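Below is target-v8.txt, which holds compact mmCIF, C-alpha atoms.
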# COMPACT_ATOMS: atom_id res chain seq x y z
CA MET F 1 -128.56 -76.81 28.18
CA ARG F 2 -128.59 -75.83 31.83
CA LEU F 3 -125.78 -76.35 34.33
CA TYR F 4 -126.60 -75.94 38.01
CA ILE F 5 -123.67 -74.90 40.18
CA THR F 6 -122.63 -73.22 43.37
CA PRO F 7 -119.87 -70.63 42.83
CA ALA F 8 -117.62 -72.12 45.53
CA SER F 9 -117.84 -75.75 44.37
CA PRO F 10 -114.53 -77.04 42.96
CA TYR F 11 -116.44 -79.74 41.09
CA ALA F 12 -118.70 -77.20 39.39
CA ARG F 13 -115.61 -75.15 38.58
CA ILE F 14 -114.02 -78.14 36.86
CA VAL F 15 -117.02 -78.34 34.52
CA ARG F 16 -117.11 -74.59 33.96
CA ILE F 17 -113.45 -74.62 32.92
CA VAL F 18 -114.13 -77.39 30.40
CA ILE F 19 -117.10 -75.43 29.05
CA ILE F 20 -114.88 -72.42 28.41
CA GLU F 21 -112.01 -74.46 26.99
CA LYS F 22 -114.42 -76.16 24.58
CA GLY F 23 -116.10 -72.90 23.56
CA LEU F 24 -119.53 -73.99 24.79
CA GLU F 25 -120.46 -70.85 26.75
CA ASN F 26 -123.27 -69.91 24.34
CA ARG F 27 -124.85 -73.36 24.54
CA ILE F 28 -125.06 -73.73 28.31
CA GLU F 29 -126.88 -71.56 30.82
CA ILE F 30 -125.11 -71.42 34.19
CA ILE F 31 -127.63 -71.37 37.04
CA PRO F 32 -126.71 -70.90 40.72
CA ALA F 33 -128.38 -73.50 42.92
CA GLN F 34 -129.33 -73.30 46.58
CA THR F 35 -127.86 -76.35 48.28
CA ARG F 36 -127.69 -77.51 51.91
CA LEU F 37 -130.86 -75.59 52.59
CA ALA F 38 -134.02 -77.22 53.92
CA ASP F 39 -136.77 -77.35 51.30
CA SER F 40 -134.64 -75.72 48.60
CA PRO F 41 -136.50 -75.50 45.26
CA TYR F 42 -133.37 -77.01 43.71
CA TYR F 43 -134.21 -80.39 45.24
CA ARG F 44 -137.20 -80.63 42.91
CA ILE F 45 -134.76 -80.34 40.01
CA ASN F 46 -132.04 -82.59 41.42
CA PRO F 47 -133.18 -84.80 44.32
CA SER F 48 -129.59 -85.43 45.46
CA GLY F 49 -129.05 -81.70 45.89
CA ARG F 50 -125.51 -81.98 44.55
CA VAL F 51 -123.71 -79.84 42.00
CA PRO F 52 -122.71 -79.75 39.23
CA TYR F 53 -125.87 -80.95 37.53
CA LEU F 54 -126.31 -80.73 33.77
CA ILE F 55 -129.68 -80.92 32.03
CA ARG F 56 -129.05 -81.66 28.38
CA ASP F 57 -131.08 -80.39 25.44
CA ASP F 58 -132.85 -83.75 25.28
CA GLY F 59 -133.95 -83.39 28.91
CA VAL F 60 -131.63 -86.07 30.25
CA ALA F 61 -129.83 -84.98 33.42
CA MET F 62 -126.27 -85.80 34.41
CA GLU F 63 -124.47 -85.59 37.75
CA GLU F 64 -120.76 -85.91 38.65
CA SER F 65 -118.13 -83.59 37.20
CA ALA F 66 -116.09 -86.35 35.52
CA LEU F 67 -119.13 -87.69 33.65
CA ILE F 68 -120.33 -84.23 32.62
CA CYS F 69 -116.87 -83.19 31.42
CA ALA F 70 -116.42 -86.37 29.38
CA TRP F 71 -119.81 -85.87 27.73
CA LEU F 72 -119.21 -82.18 26.97
CA ASP F 73 -115.77 -82.92 25.59
CA GLN F 74 -117.12 -85.20 22.87
CA LEU F 75 -119.97 -82.92 21.74
CA ASP F 76 -118.01 -81.47 18.82
CA GLY F 77 -116.49 -84.81 17.82
CA LYS F 78 -113.04 -83.48 18.72
CA PRO F 79 -112.36 -84.53 22.31
CA ALA F 80 -109.54 -82.54 23.88
CA PHE F 81 -109.38 -84.35 27.20
CA ASP F 82 -109.50 -87.99 26.13
CA LEU F 83 -106.87 -90.24 27.68
CA PRO F 84 -104.29 -91.91 25.45
CA HIS F 85 -104.83 -95.54 24.53
CA GLY F 86 -103.29 -98.60 26.12
CA GLU F 87 -100.58 -98.49 28.75
CA ARG F 88 -100.04 -94.73 28.31
CA ALA F 89 -103.43 -94.07 29.91
CA TRP F 90 -102.43 -95.28 33.36
CA GLU F 91 -100.15 -92.39 34.29
CA PRO F 92 -102.66 -89.58 33.61
CA ARG F 93 -105.35 -91.65 35.34
CA ARG F 94 -103.08 -92.07 38.38
CA LEU F 95 -102.43 -88.34 38.52
CA GLU F 96 -106.11 -87.48 38.13
CA ALA F 97 -106.92 -89.81 41.04
CA LEU F 98 -104.32 -88.06 43.20
CA ALA F 99 -105.71 -84.69 42.16
CA ARG F 100 -109.23 -85.76 43.06
CA SER F 101 -108.01 -87.09 46.42
CA ILE F 102 -106.57 -83.76 47.53
CA THR F 103 -109.58 -81.90 46.12
CA ASP F 104 -112.06 -84.17 47.91
CA GLY F 105 -110.29 -83.72 51.23
CA ILE F 106 -110.06 -79.95 50.98
CA ALA F 107 -113.69 -79.74 49.87
CA VAL F 108 -114.85 -81.73 52.92
CA TRP F 109 -112.73 -79.53 55.18
CA SER F 110 -114.03 -76.33 53.60
CA ARG F 111 -117.65 -77.43 53.95
CA GLU F 112 -117.05 -78.24 57.61
CA ILE F 113 -115.65 -74.80 58.45
CA ALA F 114 -118.65 -73.24 56.71
CA ARG F 115 -120.89 -74.80 59.37
CA ALA F 116 -121.79 -72.96 62.57
CA PRO F 117 -118.85 -73.20 65.03
CA ALA F 118 -120.86 -75.30 67.48
CA GLU F 119 -121.65 -77.84 64.75
CA ARG F 120 -118.09 -78.38 63.51
CA SER F 121 -116.21 -81.60 64.15
CA PRO F 122 -112.72 -80.91 65.57
CA THR F 123 -111.71 -84.45 64.65
CA LEU F 124 -112.70 -83.98 61.01
CA LEU F 125 -111.04 -80.57 60.81
CA LYS F 126 -107.78 -81.94 62.18
CA HIS F 127 -107.88 -84.98 59.91
CA GLU F 128 -108.43 -82.98 56.72
CA ALA F 129 -105.84 -80.36 57.66
CA GLN F 130 -103.26 -83.09 58.15
CA ARG F 131 -104.27 -84.82 54.94
CA SER F 132 -103.92 -81.58 52.96
CA ARG F 133 -100.37 -81.14 54.28
CA ARG F 134 -99.40 -84.70 53.33
CA MET F 135 -100.94 -84.36 49.88
CA ALA F 136 -99.28 -80.99 49.24
CA ALA F 137 -95.92 -82.56 50.07
CA LEU F 138 -96.65 -85.39 47.63
CA TRP F 139 -97.69 -82.97 44.91
CA GLU F 140 -94.52 -80.92 45.37
CA THR F 141 -92.80 -83.90 43.73
CA GLU F 142 -95.55 -85.03 41.38
CA ILE F 143 -96.01 -81.57 39.91
CA GLU F 144 -92.83 -82.07 37.88
CA ASN F 145 -94.45 -84.95 36.01
CA PRO F 146 -94.63 -84.18 32.27
CA TRP F 147 -98.42 -84.77 32.31
CA MET F 148 -98.80 -81.86 34.72
CA ASN F 149 -96.85 -79.52 32.47
CA GLY F 150 -98.03 -80.41 28.98
CA ALA F 151 -101.34 -79.86 27.23
CA LEU F 152 -104.22 -79.02 29.57
CA ASN F 153 -105.81 -82.17 30.97
CA MET F 154 -108.25 -83.25 33.65
CA ALA F 155 -105.55 -83.95 36.25
CA GLN F 156 -104.33 -80.37 35.94
CA ILE F 157 -107.84 -78.91 36.08
CA THR F 158 -108.84 -81.02 39.08
CA LEU F 159 -105.71 -80.23 41.09
CA ALA F 160 -105.94 -76.49 40.39
CA CYS F 161 -109.61 -76.42 41.45
CA GLY F 162 -108.75 -78.16 44.70
CA LEU F 163 -105.84 -75.90 45.54
CA GLY F 164 -107.97 -72.89 44.58
CA LEU F 165 -110.10 -73.52 47.65
CA GLU F 166 -107.48 -71.53 49.55
CA ALA F 167 -109.76 -68.60 48.66
CA ARG F 168 -112.52 -70.18 50.77
CA ASN F 169 -110.55 -71.77 53.60
CA PRO F 170 -108.45 -69.41 55.72
CA ASP F 171 -106.76 -72.37 57.41
CA LEU F 172 -105.59 -73.96 54.17
CA HIS F 173 -101.89 -73.18 53.90
CA TRP F 174 -100.51 -75.47 51.21
CA ARG F 175 -98.03 -72.98 49.75
CA PRO F 176 -95.31 -72.86 52.47
CA ASP F 177 -92.48 -75.30 51.73
CA HIS F 178 -93.98 -76.13 48.32
CA PRO F 179 -92.47 -73.59 45.90
CA LYS F 180 -92.76 -75.78 42.79
CA LEU F 181 -96.44 -76.50 43.42
CA SER F 182 -97.12 -72.84 44.17
CA ALA F 183 -95.38 -71.69 40.98
CA TRP F 184 -97.32 -74.24 38.92
CA PHE F 185 -100.62 -73.11 40.45
CA ASP F 186 -99.91 -69.43 39.84
CA ARG F 187 -98.96 -70.18 36.25
CA ILE F 188 -102.05 -72.23 35.38
CA ASN F 189 -104.32 -69.65 36.99
CA THR F 190 -103.31 -67.08 34.40
CA ARG F 191 -105.25 -69.14 31.85
CA PRO F 192 -108.50 -67.26 31.03
CA SER F 193 -110.76 -70.22 31.87
CA PHE F 194 -109.25 -70.43 35.35
CA ALA F 195 -109.28 -66.69 35.98
CA GLU F 196 -112.91 -66.42 34.89
CA THR F 197 -114.07 -69.21 37.22
CA ALA F 198 -112.03 -68.30 40.30
CA PRO F 199 -114.01 -69.04 43.47
CA PRO F 200 -115.27 -66.11 45.53
CA ARG F 201 -113.27 -65.39 48.64
CA ALA F 202 -114.86 -66.36 51.93
Could you rewrite the structure in this file as structure tokens?
Amino acid sequence: MRLYITPASPYARIVRIVIIEKGLENRIEIIPAQTRLADSPYYRINPSGRVPYLIRDDGVAMEESALICAWLDQLDGKPAFDLPHGERAWEPRRLEALARSITDGIAVWSREIARAPAERSPTLLKHEAQRSRRMAALWETEIENPWMNGALNMAQITLACGLGLEARNPDLHWRPDHPKLSAWFDRINTRPSFAETAPPRA
């Protein structure tokens, strides 16, 4: 199988972490893609130009990190990231949605500051900076939830990949005033799958 990524993408990192956690490294070739570039050859592979993008052994292609992770997780018949059944599923789903919310906002902000200064939107930059501060304050409380401190799950992976964009965004300062969140992040990043997929610094 082939997985197309960009090294700085938090969504690609989510999938790469699942690949390592599931022991699938020898079955999947990781290929850097050129995105946001006019006439990139990658667009002939994936017309949307987005990453991550998985091409399975049967030739079927899959986009979106949540879909790819769910599919990879069940390959061995022993899913590790399945949600519990019934009412117990709502809490981890709620947390994963909150984790995706902060990750989405930081990703938009980080992409904007990667643009040429004259092309950046001050309104967007201000909006996402403010959102990141509000979400970090929320997560300072939510991080004590048992789901965020038990067996590795998709909410944990998603949140860590979003916060990890501090390596790419010099204006992202979520750590001050959030000691519990910072301690949680530092702890989960000692896990080999997180250390191995750490985003390159800007």
Once you count all atoms listed in the file, what closest atom pair and distance in Å to one decimal does each residue of segment 27-97 of chain F within 9 Å of segment 128-147 of chain F have, with rows by chain and rising residue number, as JSON lines?
{"residue": "F:Glu91", "atom": "CA", "partner": "F:Trp147", "partner_atom": "CA", "distance": 8.1}
{"residue": "F:Pro92", "atom": "CA", "partner": "F:Trp147", "partner_atom": "CA", "distance": 6.5}
{"residue": "F:Leu95", "atom": "CA", "partner": "F:Glu142", "partner_atom": "CA", "distance": 8.2}
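Here atom CA of Ser40 of chain F is placed at a distance of 29.1 Å from atom CA of Phe194 of chain F.
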* Dig up all the protein and nucleic acid residues within 12 Å of (-131.2, -77.5, 48.6) in the file frame, using only C-alpha atoms, and format them as a PyMOL selection string. => chain F and resi 4-6+32-51
* **Protein/DNA/RNA residues near (-115.7, -76.0, 23.5), cut 12 Å, only C-alpha atoms, as an MDAnalysis selection string** => chainID F and resid 15:28 69:81 193
Could the residues in this selection be written to a file with C-alpha atoms, as an mmCIF file, in the coordinates of the input?
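Dumped to part.cif:
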data_model
loop_
_atom_site.group_PDB
_atom_site.id
_atom_site.type_symbol
_atom_site.label_atom_id
_atom_site.label_comp_id
_atom_site.auth_asym_id
_atom_site.auth_seq_id
_atom_site.Cartn_x
_atom_site.Cartn_y
_atom_site.Cartn_z
ATOM 1 C CA VAL F 15 -117.020 -78.340 34.520
ATOM 2 C CA ARG F 16 -117.110 -74.590 33.960
ATOM 3 C CA ILE F 17 -113.450 -74.620 32.920
ATOM 4 C CA VAL F 18 -114.130 -77.390 30.400
ATOM 5 C CA ILE F 19 -117.100 -75.430 29.050
ATOM 6 C CA ILE F 20 -114.880 -72.420 28.410
ATOM 7 C CA GLU F 21 -112.010 -74.460 26.990
ATOM 8 C CA LYS F 22 -114.420 -76.160 24.580
ATOM 9 C CA GLY F 23 -116.100 -72.900 23.560
ATOM 10 C CA LEU F 24 -119.530 -73.990 24.790
ATOM 11 C CA GLU F 25 -120.460 -70.850 26.750
ATOM 12 C CA ASN F 26 -123.270 -69.910 24.340
ATOM 13 C CA ARG F 27 -124.850 -73.360 24.540
ATOM 14 C CA ILE F 28 -125.060 -73.730 28.310
ATOM 15 C CA CYS F 69 -116.870 -83.190 31.420
ATOM 16 C CA ALA F 70 -116.420 -86.370 29.380
ATOM 17 C CA TRP F 71 -119.810 -85.870 27.730
ATOM 18 C CA LEU F 72 -119.210 -82.180 26.970
ATOM 19 C CA ASP F 73 -115.770 -82.920 25.590
ATOM 20 C CA GLN F 74 -117.120 -85.200 22.870
ATOM 21 C CA LEU F 75 -119.970 -82.920 21.740
ATOM 22 C CA ASP F 76 -118.010 -81.470 18.820
ATOM 23 C CA GLY F 77 -116.490 -84.810 17.820
ATOM 24 C CA LYS F 78 -113.040 -83.480 18.720
ATOM 25 C CA PRO F 79 -112.360 -84.530 22.310
ATOM 26 C CA ALA F 80 -109.540 -82.540 23.880
ATOM 27 C CA PHE F 81 -109.380 -84.350 27.200
ATOM 28 C CA SER F 193 -110.760 -70.220 31.870
#
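With distances taken over all atoms listed in the file, F:Ser65 is the one residue among F:Ser65, F:Gln156, F:Asn169, F:Ser182 lying closest to Arg13 of chain F.
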* To do: Kindly indicate which residue among F:Ala12, F:Arg2, F:Leu159, F:Ile31 lies nearest to Gly59 of chain F, using all atoms listed in the file for the distances.
  =>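 Nearest to Gly59 of chain F: F:Arg2.
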* Asked: What is the distance between atom CA of Asp186 of chain F and atom CA of Asp171 of chain F, in Å to one decimal?
  -> 19.1 Å
* **Between atom CA of Leu67 of chain F and atom CA of Ala183 of chain F, distance in Å (one decimal)** => 29.6 Å
* Quick one: of F:Leu83, F:Ile30, F:Ala198, F:Ile102, who's nearest to Arg168 of chain F, counting only C-alpha atoms? -> F:Ala198
